[in-house]
Amino acid sequence: MARTERPERLSRPAYERELLRLQGELVTLQEWVRAEGRRLVVVFEGRDAAGKGGAIQRVAERLNPRVVRIAALPVPTERERTQWYFQRYTAELPAAGEIVLFDRSWYNRAGVERVMGFCTDEEYARFLRQCPLFERLLVEDGILLRKYWFSVSDTVQEQRFRSRLEDPTRRWKLSAMDLESVTRWEAYSRAKDEMFAHTDVPGAPWYVVEGDDKRAARINMIAHLLSTVPYHDVPRPALELPPRPPSTGYRRPPRDLQKRVPDRAAELRRPKGPAAG
């Protein structure tokens, strides 16, 4: 079989121009959600190193953290393990005028918990039955639910894992569980296929994002999200910077009375190499 060539990677200038435009649209979406009292939930799932975290960061970085929140739940506590499985996730759902981005979600049960044996067969089967019902309740209550699955090839995933291992500033992104996914590639594939078969349903479908090109993946995901929400520009009150009032005689205390951070930047401003004679 002939090998399929990957498309050329999206250039950084083109990516940055379109990302800035889309982020402007996300601000408009945010203001519409806030003004109209809507509730938006975006679920980010997918392979390890497929680009979920980067996409979430690009969605949220120019938005108001009082409106847009990232939910990235840790391992459940002993008490949480005795609760209804969806219970700790419902506590993270948005109120009116809020957006919640789930950096992994209740689908942990259908993925890592299933593959790694962290749940029983009975718990897994119950999840597959209850999940479509749970999401139907969210949608019927007026929540806008969007679910994205980030896909990545095994070759690119391995390249990204190696890159993280070699970069001390990004090594924190790797865990033993992440590396285990390399040896369980097919098991995760089967789990994803079964998950889709049960939870890719009308009203709450899955949308697949091809993640080998991270820049393209971010652009495609954000553009699609915007296309699925009926937002519009919301008029904002006109703001005008008031004139500064005249001085009333305030004098700033001497600077040497305050503890100041060292001027590290001054060292960077100094010219490098021998001074010109």
# chains A, B, ... in the order shown; residues from 1 in each chain; ligands from 1
call {"tool": "residues_around", "arguments": {"residues": "Pro235 (chain A)", "least_positions_apart": "4", "cutoff": "12 Å", "atoms": "only C-alpha atoms", "output": "list in words"}}
result
Thr28, Glu31, Trp32, Ala35 and Glu36 of chain A
call {"tool": "residues_around", "arguments": {"residues": "Arg88 (chain A)", "least_positions_apart": "2", "cutoff": "12 Å", "atoms": "only C-alpha atoms", "output": "PDB file with all heavy atoms, in the first residue's frame"}}
result
ATOM      1  N   ALA A  71     -11.412  23.111  33.989  1.00  0.00           N
ATOM      2  CA  ALA A  71     -11.618  22.072  35.003  1.00  0.00           C
ATOM      3  C   ALA A  71     -10.700  20.901  34.672  1.00  0.00           C
ATOM      4  O   ALA A  71     -10.897  20.225  33.659  1.00  0.00           O
ATOM      5  CB  ALA A  71     -13.074  21.624  35.033  1.00  0.00           C
ATOM      6  N   ALA A  72      -9.702  20.690  35.516  1.00  0.00           N
ATOM      7  CA  ALA A  72      -8.763  19.573  35.343  1.00  0.00           C
ATOM      8  C   ALA A  72      -8.696  18.839  36.683  1.00  0.00           C
ATOM      9  O   ALA A  72      -7.869  19.160  37.537  1.00  0.00           O
ATOM     10  CB  ALA A  72      -7.387  20.082  34.926  1.00  0.00           C
ATOM     11  N   LEU A  73      -9.573  17.894  36.852  1.00  0.00           N
ATOM     12  CA  LEU A  73      -9.713  17.242  38.154  1.00  0.00           C
ATOM     13  C   LEU A  73      -8.565  16.268  38.427  1.00  0.00           C
ATOM     14  O   LEU A  73      -8.126  15.556  37.528  1.00  0.00           O
ATOM     15  CB  LEU A  73     -11.044  16.495  38.242  1.00  0.00           C
ATOM     16  CG  LEU A  73     -12.251  17.311  38.710  1.00  0.00           C
ATOM     17  CD1 LEU A  73     -12.527  18.455  37.756  1.00  0.00           C
ATOM     18  CD2 LEU A  73     -13.474  16.427  38.856  1.00  0.00           C
ATOM     19  N   PRO A  74      -8.100  16.216  39.676  1.00  0.00           N
ATOM     20  CA  PRO A  74      -7.063  15.244  40.038  1.00  0.00           C
ATOM     21  C   PRO A  74      -7.656  13.863  40.243  1.00  0.00           C
ATOM     22  O   PRO A  74      -8.863  13.644  40.051  1.00  0.00           O
ATOM     23  CB  PRO A  74      -6.517  15.823  41.360  1.00  0.00           C
ATOM     24  CG  PRO A  74      -7.712  16.510  41.965  1.00  0.00           C
ATOM     25  CD  PRO A  74      -8.483  17.089  40.802  1.00  0.00           C
ATOM     26  N   VAL A  75      -6.819  12.940  40.655  1.00  0.00           N
ATOM     27  CA  VAL A  75      -7.283  11.584  40.976  1.00  0.00           C
ATOM     28  C   VAL A  75      -8.344  11.676  42.077  1.00  0.00           C
ATOM     29  O   VAL A  75      -8.190  12.453  43.030  1.00  0.00           O
ATOM     30  CB  VAL A  75      -6.096  10.715  41.439  1.00  0.00           C
ATOM     31  CG1 VAL A  75      -6.567   9.353  41.898  1.00  0.00           C
ATOM     32  CG2 VAL A  75      -5.071  10.587  40.318  1.00  0.00           C
ATOM     33  N   PRO A  76      -9.441  10.941  41.980  1.00  0.00           N
ATOM     34  CA  PRO A  76     -10.491  11.036  43.001  1.00  0.00           C
ATOM     35  C   PRO A  76     -10.002  10.601  44.376  1.00  0.00           C
ATOM     36  O   PRO A  76      -9.157   9.716  44.500  1.00  0.00           O
ATOM     37  CB  PRO A  76     -11.594  10.109  42.480  1.00  0.00           C
ATOM     38  CG  PRO A  76     -10.900   9.183  41.531  1.00  0.00           C
ATOM     39  CD  PRO A  76      -9.797   9.984  40.918  1.00  0.00           C
ATOM     40  N   THR A  77     -10.541  11.252  45.397  1.00  0.00           N
ATOM     41  CA  THR A  77     -10.228  10.883  46.773  1.00  0.00           C
ATOM     42  C   THR A  77     -10.975   9.603  47.134  1.00  0.00           C
ATOM     43  O   THR A  77     -11.848   9.132  46.390  1.00  0.00           O
ATOM     44  CB  THR A  77     -10.645  12.003  47.735  1.00  0.00           C
ATOM     45  OG1 THR A  77     -12.083  12.150  47.673  1.00  0.00           O
ATOM     46  CG2 THR A  77      -9.991  13.328  47.346  1.00  0.00           C
ATOM     47  N   ARG A  79     -13.198   9.311  49.392  1.00  0.00           N
ATOM     48  CA  ARG A  79     -14.612   9.660  49.535  1.00  0.00           C
ATOM     49  C   ARG A  79     -15.277   9.766  48.178  1.00  0.00           C
ATOM     50  O   ARG A  79     -16.394   9.279  47.979  1.00  0.00           O
ATOM     51  CB  ARG A  79     -14.750  10.980  50.298  1.00  0.00           C
ATOM     52  CG  ARG A  79     -16.195  11.433  50.494  1.00  0.00           C
ATOM     53  CD  ARG A  79     -16.272  12.693  51.348  1.00  0.00           C
ATOM     54  NE  ARG A  79     -17.655  13.094  51.549  1.00  0.00           N
ATOM     55  CZ  ARG A  79     -18.350  13.851  50.708  1.00  0.00           C
ATOM     56  NH1 ARG A  79     -17.763  14.291  49.581  1.00  0.00           N
ATOM     57  NH2 ARG A  79     -19.602  14.175  50.964  1.00  0.00           N
ATOM     58  N   GLU A  80     -14.609  10.405  47.228  1.00  0.00           N
ATOM     59  CA  GLU A  80     -15.192  10.571  45.898  1.00  0.00           C
ATOM     60  C   GLU A  80     -15.396   9.231  45.198  1.00  0.00           C
ATOM     61  O   GLU A  80     -16.315   9.086  44.389  1.00  0.00           O
ATOM     62  CB  GLU A  80     -14.312  11.496  45.056  1.00  0.00           C
ATOM     63  CG  GLU A  80     -14.393  12.965  45.480  1.00  0.00           C
ATOM     64  CD  GLU A  80     -13.378  13.831  44.782  1.00  0.00           C
ATOM     65  OE1 GLU A  80     -12.323  13.304  44.378  1.00  0.00           O
ATOM     66  OE2 GLU A  80     -13.628  15.053  44.657  1.00  0.00           O
ATOM     67  N   ARG A  81     -14.542   8.274  45.504  1.00  0.00           N
ATOM     68  CA  ARG A  81     -14.703   6.963  44.880  1.00  0.00           C
ATOM     69  C   ARG A  81     -15.993   6.265  45.302  1.00  0.00           C
ATOM     70  O   ARG A  81     -16.457   5.343  44.629  1.00  0.00           O
ATOM     71  CB  ARG A  81     -13.501   6.071  45.221  1.00  0.00           C
ATOM     72  CG  ARG A  81     -12.212   6.469  44.514  1.00  0.00           C
ATOM     73  CD  ARG A  81     -11.145   5.402  44.670  1.00  0.00           C
ATOM     74  NE  ARG A  81      -9.919   5.774  43.994  1.00  0.00           N
ATOM     75  CZ  ARG A  81      -8.886   6.370  44.582  1.00  0.00           C
ATOM     76  NH1 ARG A  81      -8.940   6.652  45.876  1.00  0.00           N
ATOM     77  NH2 ARG A  81      -7.806   6.686  43.896  1.00  0.00           N
ATOM     78  N   THR A  82     -16.564   6.689  46.436  1.00  0.00           N
ATOM     79  CA  THR A  82     -17.815   6.073  46.904  1.00  0.00           C
ATOM     80  C   THR A  82     -19.040   6.810  46.373  1.00  0.00           C
ATOM     81  O   THR A  82     -20.168   6.373  46.603  1.00  0.00           O
ATOM     82  CB  THR A  82     -17.865   6.071  48.444  1.00  0.00           C
ATOM     83  OG1 THR A  82     -17.977   7.433  48.924  1.00  0.00           O
ATOM     84  CG2 THR A  82     -16.624   5.425  49.031  1.00  0.00           C
ATOM     85  N   GLN A  83     -18.846   7.943  45.685  1.00  0.00           N
ATOM     86  CA  GLN A  83     -19.966   8.717  45.162  1.00  0.00           C
ATOM     87  C   GLN A  83     -20.432   8.159  43.817  1.00  0.00           C
ATOM     88  O   GLN A  83     -19.754   7.343  43.187  1.00  0.00           O
ATOM     89  CB  GLN A  83     -19.552  10.186  44.975  1.00  0.00           C
ATOM     90  CG  GLN A  83     -19.185  10.914  46.250  1.00  0.00           C
ATOM     91  CD  GLN A  83     -18.633  12.311  45.968  1.00  0.00           C
ATOM     92  OE1 GLN A  83     -18.251  12.628  44.843  1.00  0.00           O
ATOM     93  NE2 GLN A  83     -18.590  13.150  46.991  1.00  0.00           N
ATOM     94  N   TRP A  84     -21.602   8.626  43.391  1.00  0.00           N
ATOM     95  CA  TRP A  84     -22.025   8.392  42.015  1.00  0.00           C
ATOM     96  C   TRP A  84     -20.925   8.916  41.110  1.00  0.00           C
ATOM     97  O   TRP A  84     -20.374  10.012  41.325  1.00  0.00           O
ATOM     98  CB  TRP A  84     -23.334   9.125  41.761  1.00  0.00           C
ATOM     99  CG  TRP A  84     -23.849   9.039  40.352  1.00  0.00           C
ATOM    100  CD1 TRP A  84     -23.953   7.914  39.587  1.00  0.00           C
ATOM    101  CD2 TRP A  84     -24.323  10.123  39.555  1.00  0.00           C
ATOM    102  NE1 TRP A  84     -24.461   8.237  38.343  1.00  0.00           N
ATOM    103  CE2 TRP A  84     -24.710   9.589  38.297  1.00  0.00           C
ATOM    104  CE3 TRP A  84     -24.478  11.494  39.764  1.00  0.00           C
ATOM    105  CZ2 TRP A  84     -25.217  10.369  37.264  1.00  0.00           C
ATOM    106  CZ3 TRP A  84     -24.992  12.273  38.748  1.00  0.00           C
ATOM    107  CH2 TRP A  84     -25.359  11.721  37.510  1.00  0.00           C
ATOM    108  N   TYR A  85     -20.564   8.167  40.080  1.00  0.00           N
ATOM    109  CA  TYR A  85     -19.375   8.492  39.292  1.00  0.00           C
ATOM    110  C   TYR A  85     -19.394   9.922  38.756  1.00  0.00           C
ATOM    111  O   TYR A  85     -18.374  10.619  38.773  1.00  0.00           O
ATOM    112  CB  TYR A  85     -19.213   7.511  38.129  1.00  0.00           C
ATOM    113  CG  TYR A  85     -18.031   7.868  37.257  1.00  0.00           C
ATOM    114  CD1 TYR A  85     -16.728   7.692  37.710  1.00  0.00           C
ATOM    115  CD2 TYR A  85     -18.228   8.449  36.009  1.00  0.00           C
ATOM    116  CE1 TYR A  85     -15.644   8.060  36.933  1.00  0.00           C
ATOM    117  CE2 TYR A  85     -17.147   8.810  35.217  1.00  0.00           C
ATOM    118  CZ  TYR A  85     -15.864   8.626  35.688  1.00  0.00           C
ATOM    119  OH  TYR A  85     -14.786   9.000  34.920  1.00  0.00           O
ATOM    120  N   PHE A  86     -20.543  10.403  38.292  1.00  0.00           N
ATOM    121  CA  PHE A  86     -20.608  11.724  37.665  1.00  0.00           C
ATOM    122  C   PHE A  86     -20.687  12.861  38.688  1.00  0.00           C
ATOM    123  O   PHE A  86     -20.642  14.033  38.302  1.00  0.00           O
ATOM    124  CB  PHE A  86     -21.832  11.801  36.744  1.00  0.00           C
ATOM    125  CG  PHE A  86     -21.746  10.878  35.557  1.00  0.00           C
ATOM    126  CD1 PHE A  86     -22.312   9.613  35.605  1.00  0.00           C
ATOM    127  CD2 PHE A  86     -21.091  11.260  34.397  1.00  0.00           C
ATOM    128  CE1 PHE A  86     -22.238   8.743  34.517  1.00  0.00           C
ATOM    129  CE2 PHE A  86     -21.007  10.409  33.303  1.00  0.00           C
ATOM    130  CZ  PHE A  86     -21.581   9.154  33.363  1.00  0.00           C
ATOM    131  N   THR A  90     -20.330  17.056  38.085  1.00  0.00           N
ATOM    132  CA  THR A  90     -21.463  17.988  38.076  1.00  0.00           C
ATOM    133  C   THR A  90     -21.133  19.241  38.880  1.00  0.00           C
ATOM    134  O   THR A  90     -21.636  20.326  38.574  1.00  0.00           O
ATOM    135  CB  THR A  90     -22.730  17.324  38.650  1.00  0.00           C
ATOM    136  OG1 THR A  90     -22.490  16.881  39.982  1.00  0.00           O
ATOM    137  CG2 THR A  90     -23.151  16.143  37.791  1.00  0.00           C
ATOM    138  N   ALA A  91     -20.292  19.111  39.901  1.00  0.00           N
ATOM    139  CA  ALA A  91     -19.907  20.276  40.697  1.00  0.00           C
ATOM    140  C   ALA A  91     -19.102  21.289  39.891  1.00  0.00           C
ATOM    141  O   ALA A  91     -19.000  22.461  40.273  1.00  0.00           O
ATOM    142  CB  ALA A  91     -19.099  19.829  41.921  1.00  0.00           C
ATOM    143  N   GLU A  92     -18.526  20.856  38.772  1.00  0.00           N
ATOM    144  CA  GLU A  92     -17.717  21.738  37.930  1.00  0.00           C
ATOM    145  C   GLU A  92     -18.525  22.377  36.800  1.00  0.00           C
ATOM    146  O   GLU A  92     -17.993  23.203  36.056  1.00  0.00           O
ATOM    147  CB  GLU A  92     -16.555  20.946  37.317  1.00  0.00           C
ATOM    148  CG  GLU A  92     -15.604  20.333  38.327  1.00  0.00           C
ATOM    149  CD  GLU A  92     -14.834  21.388  39.111  1.00  0.00           C
ATOM    150  OE1 GLU A  92     -14.572  22.468  38.542  1.00  0.00           O
ATOM    151  OE2 GLU A  92     -14.514  21.124  40.287  1.00  0.00           O
ATOM    152  N   LEU A  93     -19.780  22.009  36.646  1.00  0.00           N
ATOM    153  CA  LEU A  93     -20.581  22.535  35.542  1.00  0.00           C
ATOM    154  C   LEU A  93     -20.809  24.042  35.701  1.00  0.00           C
ATOM    155  O   LEU A  93     -20.832  24.561  36.814  1.00  0.00           O
ATOM    156  CB  LEU A  93     -21.921  21.795  35.467  1.00  0.00           C
ATOM    157  CG  LEU A  93     -21.825  20.313  35.090  1.00  0.00           C
ATOM    158  CD1 LEU A  93     -23.204  19.666  35.201  1.00  0.00           C
ATOM    159  CD2 LEU A  93     -21.252  20.132  33.691  1.00  0.00           C
ATOM    160  N   SER A 105     -12.289  14.569  31.347  1.00  0.00           N
ATOM    161  CA  SER A 105     -13.619  14.689  31.924  1.00  0.00           C
ATOM    162  C   SER A 105     -14.078  13.354  32.464  1.00  0.00           C
ATOM    163  O   SER A 105     -13.272  12.481  32.793  1.00  0.00           O
ATOM    164  CB  SER A 105     -14.577  15.180  30.833  1.00  0.00           C
ATOM    165  OG  SER A 105     -14.671  14.179  29.812  1.00  0.00           O
ATOM    166  N   TRP A 106     -15.408  13.208  32.517  1.00  0.00           N
ATOM    167  CA  TRP A 106     -15.992  11.929  32.943  1.00  0.00           C
ATOM    168  C   TRP A 106     -15.600  10.774  32.023  1.00  0.00           C
ATOM    169  O   TRP A 106     -15.750   9.614  32.385  1.00  0.00           O
ATOM    170  CB  TRP A 106     -17.513  12.047  33.026  1.00  0.00           C
ATOM    171  CG  TRP A 106     -18.168  12.728  31.870  1.00  0.00           C
ATOM    172  CD1 TRP A 106     -18.632  12.136  30.731  1.00  0.00           C
ATOM    173  CD2 TRP A 106     -18.463  14.125  31.738  1.00  0.00           C
ATOM    174  NE1 TRP A 106     -19.195  13.071  29.895  1.00  0.00           N
ATOM    175  CE2 TRP A 106     -19.114  14.304  30.488  1.00  0.00           C
ATOM    176  CE3 TRP A 106     -18.255  15.241  32.554  1.00  0.00           C
ATOM    177  CZ2 TRP A 106     -19.549  15.549  30.034  1.00  0.00           C
ATOM    178  CZ3 TRP A 106     -18.680  16.485  32.108  1.00  0.00           C
ATOM    179  CH2 TRP A 106     -19.311  16.634  30.868  1.00  0.00           C
TER     180      TRP A 106
END
call {"tool": "select_by_dssp", "arguments": {"residues": "region 10-54 of chain A", "states": "alpha helix (DSSP H)", "output": "ChimeraX atom specification"}}
result
/A:12-36,52-54
call {"tool": "write_last_selection", "arguments": {"atoms": "N, CA and C atoms", "output": "PDB file, in the first residue's frame"}}
result
ATOM      1  N   ARG A  12       3.959  29.289  10.770  1.00  0.00           N
ATOM      2  CA  ARG A  12       3.720  30.073  11.986  1.00  0.00           C
ATOM      3  C   ARG A  12       3.060  31.416  11.695  1.00  0.00           C
ATOM      4  N   PRO A  13       3.504  32.190  10.662  1.00  0.00           N
ATOM      5  CA  PRO A  13       2.817  33.470  10.406  1.00  0.00           C
ATOM      6  C   PRO A  13       1.332  33.298  10.098  1.00  0.00           C
ATOM      7  N   ALA A  14       0.998  32.313   9.250  1.00  0.00           N
ATOM      8  CA  ALA A  14      -0.409  32.083   8.926  1.00  0.00           C
ATOM      9  C   ALA A  14      -1.186  31.636  10.164  1.00  0.00           C
ATOM     10  N   TYR A  15      -0.559  30.775  10.965  1.00  0.00           N
ATOM     11  CA  TYR A  15      -1.186  30.298  12.196  1.00  0.00           C
ATOM     12  C   TYR A  15      -1.458  31.452  13.157  1.00  0.00           C
ATOM     13  N   GLU A  16      -0.469  32.300  13.381  1.00  0.00           N
ATOM     14  CA  GLU A  16      -0.622  33.377  14.354  1.00  0.00           C
ATOM     15  C   GLU A  16      -1.654  34.403  13.908  1.00  0.00           C
ATOM     16  N   ARG A  17      -1.701  34.684  12.614  1.00  0.00           N
ATOM     17  CA  ARG A  17      -2.708  35.628  12.121  1.00  0.00           C
ATOM     18  C   ARG A  17      -4.120  35.091  12.341  1.00  0.00           C
ATOM     19  N   GLU A  18      -4.330  33.824  11.967  1.00  0.00           N
ATOM     20  CA  GLU A  18      -5.675  33.252  12.100  1.00  0.00           C
ATOM     21  C   GLU A  18      -6.028  33.016  13.560  1.00  0.00           C
ATOM     22  N   LEU A  19      -5.062  32.623  14.372  1.00  0.00           N
ATOM     23  CA  LEU A  19      -5.333  32.412  15.791  1.00  0.00           C
ATOM     24  C   LEU A  19      -5.784  33.716  16.445  1.00  0.00           C
ATOM     25  N   LEU A  20      -5.119  34.811  16.128  1.00  0.00           N
ATOM     26  CA  LEU A  20      -5.493  36.101  16.705  1.00  0.00           C
ATOM     27  C   LEU A  20      -6.920  36.475  16.298  1.00  0.00           C
ATOM     28  N   ARG A  21      -7.261  36.233  15.037  1.00  0.00           N
ATOM     29  CA  ARG A  21      -8.616  36.533  14.581  1.00  0.00           C
ATOM     30  C   ARG A  21      -9.635  35.674  15.320  1.00  0.00           C
ATOM     31  N   LEU A  22      -9.358  34.380  15.442  1.00  0.00           N
ATOM     32  CA  LEU A  22     -10.280  33.478  16.124  1.00  0.00           C
ATOM     33  C   LEU A  22     -10.404  33.814  17.606  1.00  0.00           C
ATOM     34  N   GLN A  23      -9.305  34.207  18.223  1.00  0.00           N
ATOM     35  CA  GLN A  23      -9.375  34.579  19.632  1.00  0.00           C
ATOM     36  C   GLN A  23     -10.218  35.830  19.834  1.00  0.00           C
ATOM     37  N   GLY A  24     -10.200  36.732  18.850  1.00  0.00           N
ATOM     38  CA  GLY A  24     -11.107  37.874  18.904  1.00  0.00           C
ATOM     39  C   GLY A  24     -12.559  37.422  18.860  1.00  0.00           C
ATOM     40  N   GLU A  25     -12.844  36.412  18.028  1.00  0.00           N
ATOM     41  CA  GLU A  25     -14.194  35.859  17.974  1.00  0.00           C
ATOM     42  C   GLU A  25     -14.560  35.157  19.281  1.00  0.00           C
ATOM     43  N   LEU A  26     -13.580  34.516  19.912  1.00  0.00           N
ATOM     44  CA  LEU A  26     -13.843  33.878  21.204  1.00  0.00           C
ATOM     45  C   LEU A  26     -14.229  34.911  22.260  1.00  0.00           C
ATOM     46  N   VAL A  27     -13.623  36.082  22.202  1.00  0.00           N
ATOM     47  CA  VAL A  27     -14.005  37.161  23.126  1.00  0.00           C
ATOM     48  C   VAL A  27     -15.466  37.554  22.888  1.00  0.00           C
ATOM     49  N   THR A  28     -15.861  37.653  21.612  1.00  0.00           N
ATOM     50  CA  THR A  28     -17.259  37.955  21.296  1.00  0.00           C
ATOM     51  C   THR A  28     -18.181  36.859  21.814  1.00  0.00           C
ATOM     52  N   LEU A  29     -17.771  35.601  21.623  1.00  0.00           N
ATOM     53  CA  LEU A  29     -18.542  34.473  22.150  1.00  0.00           C
ATOM     54  C   LEU A  29     -18.671  34.570  23.665  1.00  0.00           C
ATOM     55  N   GLN A  30     -17.568  34.865  24.343  1.00  0.00           N
ATOM     56  CA  GLN A  30     -17.579  34.992  25.798  1.00  0.00           C
ATOM     57  C   GLN A  30     -18.577  36.053  26.250  1.00  0.00           C
ATOM     58  N   GLU A  31     -18.572  37.211  25.592  1.00  0.00           N
ATOM     59  CA  GLU A  31     -19.470  38.297  25.986  1.00  0.00           C
ATOM     60  C   GLU A  31     -20.923  37.921  25.732  1.00  0.00           C
ATOM     61  N   TRP A  32     -21.177  37.173  24.667  1.00  0.00           N
ATOM     62  CA  TRP A  32     -22.532  36.693  24.400  1.00  0.00           C
ATOM     63  C   TRP A  32     -22.990  35.721  25.481  1.00  0.00           C
ATOM     64  N   VAL A  33     -22.123  34.785  25.849  1.00  0.00           N
ATOM     65  CA  VAL A  33     -22.453  33.832  26.918  1.00  0.00           C
ATOM     66  C   VAL A  33     -22.772  34.581  28.201  1.00  0.00           C
ATOM     67  N   ARG A  34     -21.944  35.562  28.532  1.00  0.00           N
ATOM     68  CA  ARG A  34     -22.142  36.325  29.781  1.00  0.00           C
ATOM     69  C   ARG A  34     -23.431  37.144  29.742  1.00  0.00           C
ATOM     70  N   ALA A  35     -23.650  37.854  28.637  1.00  0.00           N
ATOM     71  CA  ALA A  35     -24.812  38.734  28.546  1.00  0.00           C
ATOM     72  C   ALA A  35     -26.125  37.954  28.470  1.00  0.00           C
ATOM     73  N   GLU A  36     -26.101  36.816  27.776  1.00  0.00           N
ATOM     74  CA  GLU A  36     -27.322  36.040  27.584  1.00  0.00           C
ATOM     75  C   GLU A  36     -27.553  35.011  28.687  1.00  0.00           C
ATOM     76  N   LYS A  52      -4.205  18.393  23.384  1.00  0.00           N
ATOM     77  CA  LYS A  52      -5.358  18.914  24.132  1.00  0.00           C
ATOM     78  C   LYS A  52      -4.984  20.140  24.960  1.00  0.00           C
ATOM     79  N   GLY A  53      -3.887  20.022  25.705  1.00  0.00           N
ATOM     80  CA  GLY A  53      -3.497  21.108  26.597  1.00  0.00           C
ATOM     81  C   GLY A  53      -3.201  22.398  25.862  1.00  0.00           C
ATOM     82  N   GLY A  54      -2.494  22.297  24.733  1.00  0.00           N
ATOM     83  CA  GLY A  54      -2.190  23.488  23.951  1.00  0.00           C
ATOM     84  C   GLY A  54      -3.437  24.134  23.396  1.00  0.00           C
TER      85      GLY A  54
END
call {"tool": "atom_distance", "arguments": {"atom1": "CA of Arg69 (chain A)", "atom2": "CA of Ser151 (chain A)"}}
result
23.8 Å
call {"tool": "residues_around", "arguments": {"residues": "Ile70 (chain A)", "least_positions_apart": "3", "cutoff": "9 Å", "atoms": "only C-alpha atoms", "output": "PyMOL selection string"}}
result
chain A and resi 56+60+65+99-103
call {"tool": "select_by_dssp", "arguments": {"residues": "region 17-106 of chain A", "states": "strand (DSSP E or B)", "output": "PyMOL selection string"}}
result
chain A and resi 39-46+68-71+98-103
call {"tool": "closest_atom_pairs", "arguments": {"of": "region 31-125 of chain A", "to": "region 191-199 of chain A", "cutoff": "12 Å", "atoms": "only C-alpha atoms", "output": "CSV"}}
result
residue,atom,partner,partner_atom,distance
A:Glu45,CA,A:Lys192,CA,10.2
A:Gly46,CA,A:Lys192,CA,8.6
A:Arg47,CA,A:Lys192,CA,9.4
A:Trp106,CA,A:Met195,CA,11.7
A:Tyr107,CA,A:Met195,CA,8.4
A:Asn108,CA,A:Met195,CA,10.6
A:Arg109,CA,A:Met195,CA,9.7
A:Ala110,CA,A:Met195,CA,6.1
A:Gly111,CA,A:Ala191,CA,6.0
A:Val112,CA,A:Ala191,CA,8.8
A:Glu113,CA,A:Ala191,CA,10.0
A:Arg114,CA,A:Ala191,CA,7.3
A:Val115,CA,A:Ala191,CA,7.1
A:Met116,CA,A:Ala191,CA,10.8
A:Gly117,CA,A:Ala191,CA,11.9
A:Tyr124,CA,A:Met195,CA,10.2
A:Ala125,CA,A:His198,CA,10.3
call {"tool": "write_last_selection", "arguments": {"atoms": "N, CA and C atoms", "output": "short mmCIF file (atom, residue, chain, number, x, y, z; two decimals), in the first residue's frame"}}
result
data_model
loop_
_atom_site.label_atom_id
_atom_site.label_comp_id
_atom_site.auth_asym_id
_atom_site.auth_seq_id
_atom_site.Cartn_x
_atom_site.Cartn_y
_atom_site.Cartn_z
N GLU A 45 -10.79 15.59 25.04
CA GLU A 45 -10.29 14.25 25.29
C GLU A 45 -9.38 13.85 24.14
N GLY A 46 -8.72 12.71 24.29
CA GLY A 46 -7.88 12.22 23.21
C GLY A 46 -6.63 11.53 23.70
N ARG A 47 -5.80 11.17 22.75
CA ARG A 47 -4.53 10.49 23.04
C ARG A 47 -3.62 11.40 23.85
N TRP A 106 -15.41 13.21 32.52
CA TRP A 106 -15.99 11.93 32.94
C TRP A 106 -15.60 10.77 32.02
N TYR A 107 -15.04 11.10 30.85
CA TYR A 107 -14.62 10.03 29.93
C TYR A 107 -13.34 9.33 30.38
N ASN A 108 -12.78 9.73 31.50
CA ASN A 108 -11.66 8.97 32.06
C ASN A 108 -12.04 7.50 32.27
N ARG A 109 -13.30 7.30 32.62
CA ARG A 109 -13.74 5.91 32.89
C ARG A 109 -13.69 5.07 31.62
N ALA A 110 -14.00 5.68 30.48
CA ALA A 110 -14.01 4.92 29.22
C ALA A 110 -12.62 4.79 28.61
N GLY A 111 -11.65 5.55 29.14
CA GLY A 111 -10.31 5.51 28.58
C GLY A 111 -9.31 4.88 29.53
N VAL A 112 -8.63 5.74 30.30
CA VAL A 112 -7.53 5.26 31.13
C VAL A 112 -8.01 4.26 32.19
N GLU A 113 -9.18 4.51 32.79
CA GLU A 113 -9.64 3.58 33.82
C GLU A 113 -9.94 2.21 33.23
N ARG A 114 -10.52 2.20 32.04
CA ARG A 114 -10.84 0.92 31.39
C ARG A 114 -9.56 0.18 31.00
N VAL A 115 -8.64 0.88 30.35
CA VAL A 115 -7.44 0.24 29.83
C VAL A 115 -6.51 -0.20 30.96
N MET A 116 -6.38 0.62 31.99
CA MET A 116 -5.45 0.32 33.07
C MET A 116 -6.07 -0.53 34.17
N GLY A 117 -7.33 -0.87 34.05
CA GLY A 117 -7.97 -1.73 35.05
C GLY A 117 -8.31 -1.02 36.35
N TYR A 124 -17.66 -0.07 34.37
CA TYR A 124 -17.49 0.37 32.98
C TYR A 124 -18.79 0.25 32.20
N ALA A 125 -19.47 -0.88 32.31
CA ALA A 125 -20.73 -1.08 31.61
C ALA A 125 -21.78 -0.08 32.07
#
call {"tool": "residues_around", "arguments": {"residues": "Ala216 (chain A)", "least_positions_apart": "6", "cutoff": "10 Å", "atoms": "only C-alpha atoms", "output": "JSON, numbers by chain"}}
result
{"A": [9, 10, 11, 15, 19, 209, 210]}
call {"tool": "residues_around", "arguments": {"residues": "Gly51 (chain A)", "least_positions_apart": "5", "cutoff": "9 Å", "atoms": "only C-alpha atoms", "output": "list of chain:residue names"}}
result
A:Gly46, A:Ile56, A:Phe150, A:Ser151, A:Val152, A:Gly211, A:Asp212, A:Asp213, A:Lys214, A:Ala217, A:Arg218
call {"tool": "residues_around", "arguments": {"residues": "region 138-147 of chain A", "least_positions_apart": "4", "cutoff": "10 Å", "atoms": "only C-alpha atoms", "output": "PyMOL selection string"}}
result
chain A and resi 38-45+90+93-96+99-102+132-134+200+203-208+225+228-229
call {"tool": "atom_distance", "arguments": {"atom1": "CA of Ala176 (chain A)", "atom2": "CA of Glu158 (chain A)"}}
result
14.0 Å
call {"tool": "closest_residue", "arguments": {"among": "A:Leu241, A:Gly249, A:Glu8, A:Asp48", "to": "Ser175 (chain A)", "atoms": "only C-alpha atoms"}}
result
A:Asp48
